[in-house]
file model_33.cif (mmCIF, C-alpha atoms)
data_my_file
#
loop_
_atom_site.label_atom_id
_atom_site.label_comp_id
_atom_site.auth_asym_id
_atom_site.auth_seq_id
_atom_site.Cartn_x
_atom_site.Cartn_y
_atom_site.Cartn_z
CA PHE A 25 -18.19 27.21 -19.07
CA VAL A 26 -19.05 26.77 -22.75
CA ASN A 27 -22.75 26.46 -21.87
CA SER A 28 -22.58 29.74 -19.97
CA LEU A 29 -20.80 31.46 -22.86
CA VAL A 30 -23.46 30.30 -25.32
CA TYR A 31 -26.27 31.38 -23.00
CA THR A 32 -24.61 34.77 -22.39
CA GLY A 33 -23.98 35.31 -26.11
CA VAL A 34 -27.59 34.52 -27.03
CA GLY A 35 -28.88 36.65 -24.15
CA LEU A 36 -26.80 39.73 -25.01
CA THR A 37 -27.41 39.47 -28.75
CA GLY A 38 -31.13 38.97 -28.20
CA ALA A 39 -31.29 41.84 -25.70
CA PHE A 40 -29.75 44.29 -28.18
CA ALA A 41 -32.08 42.97 -30.88
CA ALA A 42 -35.09 43.38 -28.61
CA VAL A 43 -34.04 46.96 -27.73
CA ARG A 44 -33.80 47.78 -31.46
CA GLY A 45 -37.19 46.18 -32.03
CA VAL A 46 -35.87 43.39 -34.23
CA MET A 47 -37.44 40.74 -31.94
CA THR A 48 -39.85 40.67 -29.05
CA VAL A 49 -39.07 39.71 -25.47
CA GLY A 50 -41.09 36.54 -26.01
CA GLN A 51 -38.93 35.55 -28.96
CA LEU A 52 -35.81 36.23 -26.86
CA SER A 53 -37.12 33.90 -24.14
CA ALA A 54 -37.73 31.23 -26.77
CA PHE A 55 -34.17 31.63 -28.09
CA LEU A 56 -32.73 31.30 -24.59
CA SER A 57 -34.73 28.12 -24.09
CA TYR A 58 -33.47 26.78 -27.42
CA ALA A 59 -29.89 27.64 -26.41
CA ASN A 60 -30.26 25.49 -23.27
CA GLN A 61 -31.69 22.60 -25.31
CA TYR A 62 -28.93 22.99 -27.90
CA THR A 63 -26.19 22.47 -25.31
CA LYS A 64 -27.74 19.39 -23.68
CA PRO A 65 -26.47 16.89 -26.30
CA PHE A 66 -22.95 18.27 -25.90
CA ASN A 67 -23.23 17.86 -22.13
CA GLU A 68 -24.29 14.24 -22.61
CA ILE A 69 -21.40 13.61 -25.03
CA SER A 70 -18.89 15.01 -22.53
CA GLY A 71 -20.45 12.81 -19.83
CA VAL A 72 -20.07 9.73 -22.04
CA VAL A 73 -16.42 10.63 -22.74
CA THR A 74 -15.80 10.94 -19.00
CA GLU A 75 -17.36 7.53 -18.37
CA LEU A 76 -15.25 6.02 -21.16
CA GLN A 77 -12.07 7.46 -19.65
CA ASN A 78 -13.06 6.12 -16.24
CA ALA A 79 -13.76 2.68 -17.70
CA MET A 80 -10.42 2.65 -19.52
CA ALA A 81 -8.57 3.58 -16.32
CA CYS A 82 -10.34 0.80 -14.40
CA ALA A 83 -9.67 -1.70 -17.19
CA SER A 84 -5.95 -0.84 -17.26
CA ARG A 85 -5.71 -1.57 -13.51
CA ILE A 86 -7.52 -4.88 -13.95
CA PHE A 87 -5.21 -5.89 -16.81
CA GLU A 88 -2.17 -4.88 -14.74
CA LEU A 89 -3.37 -7.22 -12.01
CA LEU A 90 -4.06 -10.03 -14.48
CA ASP A 91 -0.62 -9.57 -16.03
CA GLU A 92 1.15 -9.84 -12.66
CA GLU A 93 3.25 -12.95 -12.23
CA GLU A 94 1.59 -15.53 -10.03
CA ARG A 95 3.06 -16.06 -6.60
CA THR A 96 5.27 -19.12 -6.44
CA PRO A 97 3.39 -21.69 -4.31
CA ASP A 98 5.00 -23.28 -1.27
CA LYS A 99 6.85 -26.48 -1.95
CA ALA A 100 4.89 -29.67 -1.42
CA ASP A 101 7.33 -30.72 1.30
CA ALA A 102 7.73 -27.24 2.82
CA ARG A 103 8.05 -27.44 6.58
CA VAL A 104 6.21 -25.41 9.21
CA LEU A 105 8.59 -23.25 11.23
CA THR A 106 7.77 -23.29 14.94
CA GLU A 107 8.90 -20.89 17.66
CA GLU A 108 11.12 -23.60 19.15
CA GLN A 109 13.05 -23.90 15.88
CA VAL A 110 13.78 -20.19 15.67
CA ASP A 111 16.97 -19.26 17.51
CA GLY A 112 17.56 -15.82 15.96
CA THR A 113 20.06 -16.99 13.35
CA VAL A 114 19.74 -15.31 9.94
CA GLU A 115 22.11 -16.03 7.07
CA ILE A 116 21.94 -14.13 3.78
CA SER A 117 24.38 -15.59 1.28
CA ASP A 118 25.24 -14.01 -2.09
CA VAL A 119 21.71 -12.69 -2.61
CA SER A 120 20.84 -10.65 -5.69
CA PHE A 121 17.43 -9.08 -6.38
CA SER A 122 15.86 -6.32 -8.45
CA TYR A 123 12.25 -5.31 -9.04
CA VAL A 124 12.95 -4.40 -12.67
CA PRO A 125 15.39 -6.61 -14.62
CA ASP A 126 17.33 -3.73 -16.19
CA ARG A 127 17.63 -1.75 -12.93
CA LYS A 128 19.97 -3.47 -10.48
CA LEU A 129 19.22 -3.04 -6.78
CA ILE A 130 20.82 -5.69 -4.54
CA GLU A 131 23.82 -7.60 -5.83
CA HIS A 132 25.77 -10.36 -4.06
CA PHE A 133 24.58 -9.28 -0.61
CA ASN A 134 25.88 -11.20 2.41
CA LEU A 135 24.79 -10.88 6.03
CA SER A 136 25.24 -13.15 9.04
CA VAL A 137 23.22 -12.48 12.20
CA LYS A 138 23.82 -14.59 15.27
CA PRO A 139 21.32 -15.16 18.10
CA GLY A 140 20.91 -12.08 20.28
CA GLU A 141 22.68 -9.70 17.90
CA ARG A 142 21.21 -6.37 16.83
CA VAL A 143 21.99 -5.29 13.29
CA ALA A 144 21.24 -1.86 11.84
CA ILE A 145 20.93 -1.47 8.08
CA VAL A 146 21.52 2.17 7.22
CA GLY A 147 21.39 3.92 3.87
CA PRO A 148 19.64 6.52 1.71
CA THR A 149 16.09 6.12 0.42
CA GLY A 150 15.87 3.53 -2.33
CA CYS A 151 19.04 1.63 -1.47
CA GLY A 152 17.15 -1.56 -0.56
CA LYS A 153 16.63 -1.48 3.22
CA THR A 154 12.93 -2.31 3.05
CA THR A 155 13.61 -4.77 0.24
CA ILE A 156 15.76 -6.85 2.62
CA ILE A 157 12.77 -7.15 4.97
CA ASN A 158 10.50 -8.05 2.04
CA LEU A 159 12.91 -10.79 1.00
CA LEU A 160 13.27 -12.12 4.55
CA MET A 161 9.49 -12.45 4.86
CA ARG A 162 9.11 -13.76 1.28
CA PHE A 163 6.92 -10.97 0.01
CA TYR A 164 9.29 -11.33 -2.95
CA ASP A 165 11.42 -14.33 -3.82
CA ILE A 166 15.15 -13.86 -4.29
CA GLN A 167 16.54 -14.25 -7.82
CA SER A 168 19.84 -15.81 -6.74
CA GLY A 169 21.60 -16.78 -3.55
CA GLU A 170 20.08 -18.14 -0.35
CA ILE A 171 18.45 -16.88 2.83
CA ARG A 172 18.40 -19.13 5.88
CA VAL A 173 16.43 -18.60 9.08
CA GLY A 174 17.20 -20.94 11.95
CA ASN A 175 19.55 -22.92 9.68
CA THR A 176 16.68 -23.62 7.23
CA GLY A 177 16.35 -22.06 3.78
CA ILE A 178 13.24 -19.86 3.64
CA GLN A 179 12.27 -21.47 0.32
CA ASP A 180 11.76 -24.70 2.29
CA ILE A 181 9.48 -23.04 4.86
CA THR A 182 5.79 -22.23 4.42
CA ARG A 183 5.15 -18.51 4.04
CA ASP A 184 2.58 -18.38 6.82
CA SER A 185 4.81 -20.01 9.44
CA LEU A 186 7.81 -17.92 8.34
CA ARG A 187 5.96 -14.63 8.70
CA ALA A 188 4.38 -15.72 11.98
CA ASN A 189 7.87 -15.81 13.52
CA PHE A 190 8.68 -12.20 12.59
CA GLY A 191 7.82 -9.13 14.62
CA MET A 192 7.71 -5.81 12.78
CA VAL A 193 7.36 -2.25 14.05
CA LEU A 194 6.63 0.13 11.18
CA GLN A 195 7.92 3.70 10.98
CA GLU A 196 4.42 5.17 11.12
CA THR A 197 2.91 3.82 14.32
CA TRP A 198 -0.78 4.03 15.13
CA LEU A 199 -2.81 3.36 18.26
CA LYS A 200 -6.39 2.27 18.55
CA ALA A 201 -8.76 4.01 20.94
CA GLY A 202 -8.37 2.30 24.31
CA THR A 203 -5.85 1.73 27.05
CA ILE A 204 -2.13 1.16 26.57
CA ALA A 205 -2.62 -2.39 27.82
CA GLU A 206 -5.19 -3.06 25.08
CA ASN A 207 -2.80 -1.72 22.45
CA ILE A 208 0.06 -3.88 23.72
CA ALA A 209 -2.19 -6.96 23.72
CA TYR A 210 -3.58 -6.23 20.25
CA GLY A 211 -1.70 -9.17 18.72
CA LYS A 212 -2.72 -11.56 21.49
CA GLU A 213 -6.22 -10.97 22.79
CA ASP A 214 -5.91 -13.55 25.59
CA ALA A 215 -2.70 -12.03 26.99
CA THR A 216 -2.54 -11.91 30.77
CA ARG A 217 -1.73 -8.80 32.77
CA GLU A 218 1.68 -10.23 33.60
CA GLU A 219 2.43 -10.84 29.90
CA ILE A 220 1.43 -7.28 29.02
CA ILE A 221 3.69 -5.86 31.74
CA ALA A 222 6.55 -8.12 30.61
CA ALA A 223 6.10 -6.88 27.02
CA ALA A 224 6.12 -3.26 28.20
CA LYS A 225 9.33 -3.88 30.14
CA ALA A 226 10.95 -5.60 27.14
CA ALA A 227 10.09 -2.53 25.02
CA HIS A 228 11.49 -0.20 27.72
CA ALA A 229 8.03 1.40 27.99
CA HIS A 230 7.09 0.22 31.49
CA GLY A 231 8.75 3.18 33.20
CA PHE A 232 6.93 5.99 31.41
CA ILE A 233 3.65 4.04 31.48
CA ARG A 234 3.84 3.84 35.28
CA ARG A 235 4.53 7.58 35.43
CA MET A 236 1.31 8.39 33.56
CA GLU A 237 -1.73 9.70 35.43
CA GLN A 238 -3.42 6.31 35.90
CA GLY A 239 -0.30 4.21 35.70
#

call {"tool": "encode", "arguments": {"input": "model_33.cif", "output": "structure tokens"}}
result
Amino acid sequence: FVNSLVYTGVGLTGAFAAVRGVMTVGQLSAFLSYANQYTKPFNEISGVVTELQNAMACASRIFELLDEEERTPDKADARVLTEEQVDGTVEISDVSFSYVPDRKLIEHFNLSVKPGERVAIVGPTGCGKTTIINLLMRFYDIQSGEIRVGNTGIQDITRDSLRANFGMVLQETWLKAGTIAENIAYGKEDATREEIIAAAKAAHAHGFIRRMEQG
């Protein structure tokens, strides 16, 4: 915008001067060329400033990552949780957690889930519903209290085996291009047809799938 203003100013001033005979058209052309050359260093400076700002933004993200607390490693004697050891029991005892120390989120939370029970956690946005899931799967470690899955404290279980025993359906679902059967079997590529149908029935989806054009 500034370049255009300078060019326009020189052009108009030179045009009036040329009309009055103060300068020739050739001299006006030379001035216009000089005006373009005059603005080039300013363009380069603004480009350098932009690159500096970009570099500073990138550096701040890198330093934020470097300053993050390291994830607590699994205990040396942490056990691997198998499917046979999971009976659906979840015990949350006097758990407190907050992302920011001076902003309390979950305090002295208790929950007991027995095998086969369905529990709904309801509340407004930001009350900690998703945080409970994050704590159960050890995306964050609790600051006090204890969480037990299958009568074993999650701190004594390896993260990989703990998460492998959870199934999660997110609010925003997505499907890959393909058949419904392929989408159901996405987590188990070697699933048999019978297993896929059993999964569809368990999800109460078998009925409407059968009613579709190709069943």

call {"tool": "resolve_selection", "arguments": {"input": "model_33.cif", "expression": "the PyMOL selection byres ((chain A and resi 169) around 6)", "output": "list in words"}}
result
Ser117, Asp118, Val119, Ser168 and Glu170 of chain A

call {"tool": "atom_distance", "arguments": {"input": "model_33.cif", "atom1": "CA of Leu160 in chain A", "atom2": "CA of Glu219 in chain A"}}
result
27.6 Å

call {"tool": "resolve_selection", "arguments": {"input": "model_33.cif", "expression": "the PyMOL selection byres ((chain A and resi 131) around 8)", "output": "list in words"}}
result
Asp118, Val119, Ser120, Phe121, Lys128, Leu129, Ile130, His132 and Phe133 of chain A

call {"tool": "write_last_selection", "arguments": {"input": "model_33.cif", "atoms": "C-alpha atoms", "output": "mmCIF file, keeping the file's coordinate frame"}}
result
data_model
loop_
_atom_site.group_PDB
_atom_site.id
_atom_site.type_symbol
_atom_site.label_atom_id
_atom_site.label_comp_id
_atom_site.auth_asym_id
_atom_site.auth_seq_id
_atom_site.Cartn_x
_atom_site.Cartn_y
_atom_site.Cartn_z
ATOM 1 C CA ASP A 118 25.240 -14.010 -2.090
ATOM 2 C CA VAL A 119 21.710 -12.690 -2.610
ATOM 3 C CA SER A 120 20.840 -10.650 -5.690
ATOM 4 C CA PHE A 121 17.430 -9.080 -6.380
ATOM 5 C CA LYS A 128 19.970 -3.470 -10.480
ATOM 6 C CA LEU A 129 19.220 -3.040 -6.780
ATOM 7 C CA ILE A 130 20.820 -5.690 -4.540
ATOM 8 C CA HIS A 132 25.770 -10.360 -4.060
ATOM 9 C CA PHE A 133 24.580 -9.280 -0.610
#

call {"tool": "resolve_selection", "arguments": {"input": "model_33.cif", "expression": "the PyMOL selection byres ((chain A and resi 193-207) around 9)", "output": "PDB file with C-alpha atoms, in the coordinates of the input"}}
result
ATOM      1  CA  GLY A 191       7.820  -9.130  14.620  1.00  0.00           C
ATOM      2  CA  MET A 192       7.710  -5.810  12.780  1.00  0.00           C
ATOM      3  CA  ILE A 208       0.060  -3.880  23.720  1.00  0.00           C
ATOM      4  CA  ALA A 209      -2.190  -6.960  23.720  1.00  0.00           C
ATOM      5  CA  TYR A 210      -3.580  -6.230  20.250  1.00  0.00           C
ATOM      6  CA  GLY A 211      -1.700  -9.170  18.720  1.00  0.00           C
ATOM      7  CA  GLU A 213      -6.220 -10.970  22.790  1.00  0.00           C
ATOM      8  CA  ARG A 217      -1.730  -8.800  32.770  1.00  0.00           C
ATOM      9  CA  ILE A 220       1.430  -7.280  29.020  1.00  0.00           C
ATOM     10  CA  ILE A 221       3.690  -5.860  31.740  1.00  0.00           C
ATOM     11  CA  ALA A 224       6.120  -3.260  28.200  1.00  0.00           C
ATOM     12  CA  ILE A 233       3.650   4.040  31.480  1.00  0.00           C
TER      13      ILE A 233
END

call {"tool": "residues_around", "arguments": {"input": "model_33.cif", "residues": "Asn27 in chain A", "least_positions_apart": "6", "cutoff": "10 Å", "atoms": "all atoms listed in the file", "output": "PyMOL selection string"}}
result
chain A and resi 33+59-60+62-64+66-67

call {"tool": "residues_around", "arguments": {"input": "model_33.cif", "residues": "Gly177 in chain A", "least_positions_apart": "4", "cutoff": "10 Å", "atoms": "all atoms listed in the file", "output": "ChimeraX atom specification"}}
result
/A:114-116,170-173,181

call {"tool": "atom_distance", "arguments": {"input": "model_33.cif", "atom1": "CA of Arg95 in chain A", "atom2": "CA of Thr154 in chain A"}}
result
19.5 Å

call {"tool": "atom_distance", "arguments": {"input": "model_33.cif", "atom1": "CA of Leu52 in chain A", "atom2": "CA of Gly38 in chain A"}}
result
5.6 Å

call {"tool": "build_atoms", "arguments": {"input": "model_33.cif", "residues": "range 112-123 of chain A", "atoms": "all heavy atoms", "output": "PDB file, in the frame of the given file"}}
result
ATOM      1  N   GLY A 112      17.060 -17.159  16.246  1.00  0.00           N
ATOM      2  CA  GLY A 112      17.560 -15.820  15.960  1.00  0.00           C
ATOM      3  C   GLY A 112      18.661 -15.782  14.925  1.00  0.00           C
ATOM      4  O   GLY A 112      19.185 -14.714  14.604  1.00  0.00           O
ATOM      5  N   THR A 113      19.011 -16.945  14.369  1.00  0.00           N
ATOM      6  CA  THR A 113      20.060 -16.990  13.350  1.00  0.00           C
ATOM      7  C   THR A 113      19.485 -16.628  11.976  1.00  0.00           C
ATOM      8  O   THR A 113      18.475 -17.190  11.558  1.00  0.00           O
ATOM      9  CB  THR A 113      20.683 -18.394  13.269  1.00  0.00           C
ATOM     10  OG1 THR A 113      21.200 -18.738  14.543  1.00  0.00           O
ATOM     11  CG2 THR A 113      21.799 -18.433  12.242  1.00  0.00           C
ATOM     12  N   VAL A 114      20.138 -15.685  11.296  1.00  0.00           N
ATOM     13  CA  VAL A 114      19.740 -15.310   9.940  1.00  0.00           C
ATOM     14  C   VAL A 114      20.996 -15.268   9.076  1.00  0.00           C
ATOM     15  O   VAL A 114      21.966 -14.592   9.423  1.00  0.00           O
ATOM     16  CB  VAL A 114      19.039 -13.930   9.905  1.00  0.00           C
ATOM     17  CG1 VAL A 114      18.731 -13.529   8.464  1.00  0.00           C
ATOM     18  CG2 VAL A 114      17.767 -13.956  10.730  1.00  0.00           C
ATOM     19  N   GLU A 115      20.975 -15.997   7.986  1.00  0.00           N
ATOM     20  CA  GLU A 115      22.110 -16.030   7.070  1.00  0.00           C
ATOM     21  C   GLU A 115      21.638 -15.629   5.669  1.00  0.00           C
ATOM     22  O   GLU A 115      20.744 -16.261   5.106  1.00  0.00           O
ATOM     23  CB  GLU A 115      22.722 -17.439   7.010  1.00  0.00           C
ATOM     24  CG  GLU A 115      23.379 -17.906   8.296  1.00  0.00           C
ATOM     25  CD  GLU A 115      24.747 -17.278   8.511  1.00  0.00           C
ATOM     26  OE1 GLU A 115      25.296 -16.723   7.536  1.00  0.00           O
ATOM     27  OE2 GLU A 115      25.244 -17.334   9.650  1.00  0.00           O
ATOM     28  N   ILE A 116      22.218 -14.560   5.149  1.00  0.00           N
ATOM     29  CA  ILE A 116      21.940 -14.130   3.780  1.00  0.00           C
ATOM     30  C   ILE A 116      23.229 -14.327   2.986  1.00  0.00           C
ATOM     31  O   ILE A 116      24.239 -13.692   3.273  1.00  0.00           O
ATOM     32  CB  ILE A 116      21.485 -12.659   3.733  1.00  0.00           C
ATOM     33  CG1 ILE A 116      20.210 -12.473   4.578  1.00  0.00           C
ATOM     34  CG2 ILE A 116      21.246 -12.206   2.297  1.00  0.00           C
ATOM     35  CD1 ILE A 116      19.710 -11.041   4.630  1.00  0.00           C
ATOM     36  N   SER A 117      23.166 -15.201   2.002  1.00  0.00           N
ATOM     37  CA  SER A 117      24.380 -15.590   1.280  1.00  0.00           C
ATOM     38  C   SER A 117      24.269 -15.267  -0.212  1.00  0.00           C
ATOM     39  O   SER A 117      23.413 -15.831  -0.903  1.00  0.00           O
ATOM     40  CB  SER A 117      24.647 -17.088   1.456  1.00  0.00           C
ATOM     41  OG  SER A 117      24.726 -17.432   2.826  1.00  0.00           O
ATOM     42  N   ASP A 118      25.103 -14.342  -0.672  1.00  0.00           N
ATOM     43  CA  ASP A 118      25.240 -14.010  -2.090  1.00  0.00           C
ATOM     44  C   ASP A 118      23.880 -13.760  -2.758  1.00  0.00           C
ATOM     45  O   ASP A 118      23.587 -14.269  -3.839  1.00  0.00           O
ATOM     46  CB  ASP A 118      25.969 -15.151  -2.810  1.00  0.00           C
ATOM     47  CG  ASP A 118      26.525 -14.709  -4.163  1.00  0.00           C
ATOM     48  OD1 ASP A 118      26.874 -13.521  -4.290  1.00  0.00           O
ATOM     49  OD2 ASP A 118      26.576 -15.539  -5.084  1.00  0.00           O
ATOM     50  N   VAL A 119      23.058 -12.953  -2.114  1.00  0.00           N
ATOM     51  CA  VAL A 119      21.710 -12.690  -2.610  1.00  0.00           C
ATOM     52  C   VAL A 119      21.704 -11.523  -3.584  1.00  0.00           C
ATOM     53  O   VAL A 119      22.311 -10.477  -3.329  1.00  0.00           O
ATOM     54  CB  VAL A 119      20.739 -12.402  -1.431  1.00  0.00           C
ATOM     55  CG1 VAL A 119      19.437 -11.791  -1.936  1.00  0.00           C
ATOM     56  CG2 VAL A 119      20.462 -13.678  -0.656  1.00  0.00           C
ATOM     57  N   SER A 120      21.040 -11.725  -4.713  1.00  0.00           N
ATOM     58  CA  SER A 120      20.840 -10.650  -5.690  1.00  0.00           C
ATOM     59  C   SER A 120      19.345 -10.538  -5.976  1.00  0.00           C
ATOM     60  O   SER A 120      18.640 -11.551  -6.061  1.00  0.00           O
ATOM     61  CB  SER A 120      21.590 -10.944  -6.995  1.00  0.00           C
ATOM     62  OG  SER A 120      22.995 -10.970  -6.767  1.00  0.00           O
ATOM     63  N   PHE A 121      18.868  -9.292  -6.121  1.00  0.00           N
ATOM     64  CA  PHE A 121      17.430  -9.080  -6.380  1.00  0.00           C
ATOM     65  C   PHE A 121      17.229  -7.701  -6.982  1.00  0.00           C
ATOM     66  O   PHE A 121      17.911  -6.740  -6.627  1.00  0.00           O
ATOM     67  CB  PHE A 121      16.631  -9.188  -5.079  1.00  0.00           C
ATOM     68  CG  PHE A 121      15.170  -8.865  -5.248  1.00  0.00           C
ATOM     69  CD1 PHE A 121      14.288  -9.810  -5.732  1.00  0.00           C
ATOM     70  CD2 PHE A 121      14.692  -7.600  -4.945  1.00  0.00           C
ATOM     71  CE1 PHE A 121      12.944  -9.506  -5.906  1.00  0.00           C
ATOM     72  CE2 PHE A 121      13.354  -7.282  -5.112  1.00  0.00           C
ATOM     73  CZ  PHE A 121      12.482  -8.242  -5.591  1.00  0.00           C
ATOM     74  N   SER A 122      16.288  -7.608  -7.912  1.00  0.00           N
ATOM     75  CA  SER A 122      15.860  -6.320  -8.450  1.00  0.00           C
ATOM     76  C   SER A 122      14.396  -6.428  -8.853  1.00  0.00           C
ATOM     77  O   SER A 122      13.934  -7.483  -9.282  1.00  0.00           O
ATOM     78  CB  SER A 122      16.713  -5.911  -9.662  1.00  0.00           C
ATOM     79  OG  SER A 122      16.555  -6.842 -10.718  1.00  0.00           O
ATOM     80  N   TYR A 123      13.666  -5.328  -8.672  1.00  0.00           N
ATOM     81  CA  TYR A 123      12.250  -5.310  -9.040  1.00  0.00           C
ATOM     82  C   TYR A 123      12.079  -5.269 -10.559  1.00  0.00           C
ATOM     83  O   TYR A 123      11.157  -5.883 -11.106  1.00  0.00           O
ATOM     84  CB  TYR A 123      11.551  -4.100  -8.420  1.00  0.00           C
ATOM     85  CG  TYR A 123      11.515  -4.131  -6.906  1.00  0.00           C
ATOM     86  CD1 TYR A 123      12.393  -3.362  -6.154  1.00  0.00           C
ATOM     87  CD2 TYR A 123      10.608  -4.932  -6.233  1.00  0.00           C
ATOM     88  CE1 TYR A 123      12.363  -3.388  -4.769  1.00  0.00           C
ATOM     89  CE2 TYR A 123      10.568  -4.966  -4.851  1.00  0.00           C
ATOM     90  CZ  TYR A 123      11.440  -4.194  -4.120  1.00  0.00           C
ATOM     91  OH  TYR A 123      11.412  -4.226  -2.744  1.00  0.00           O
TER      92      TYR A 123
END
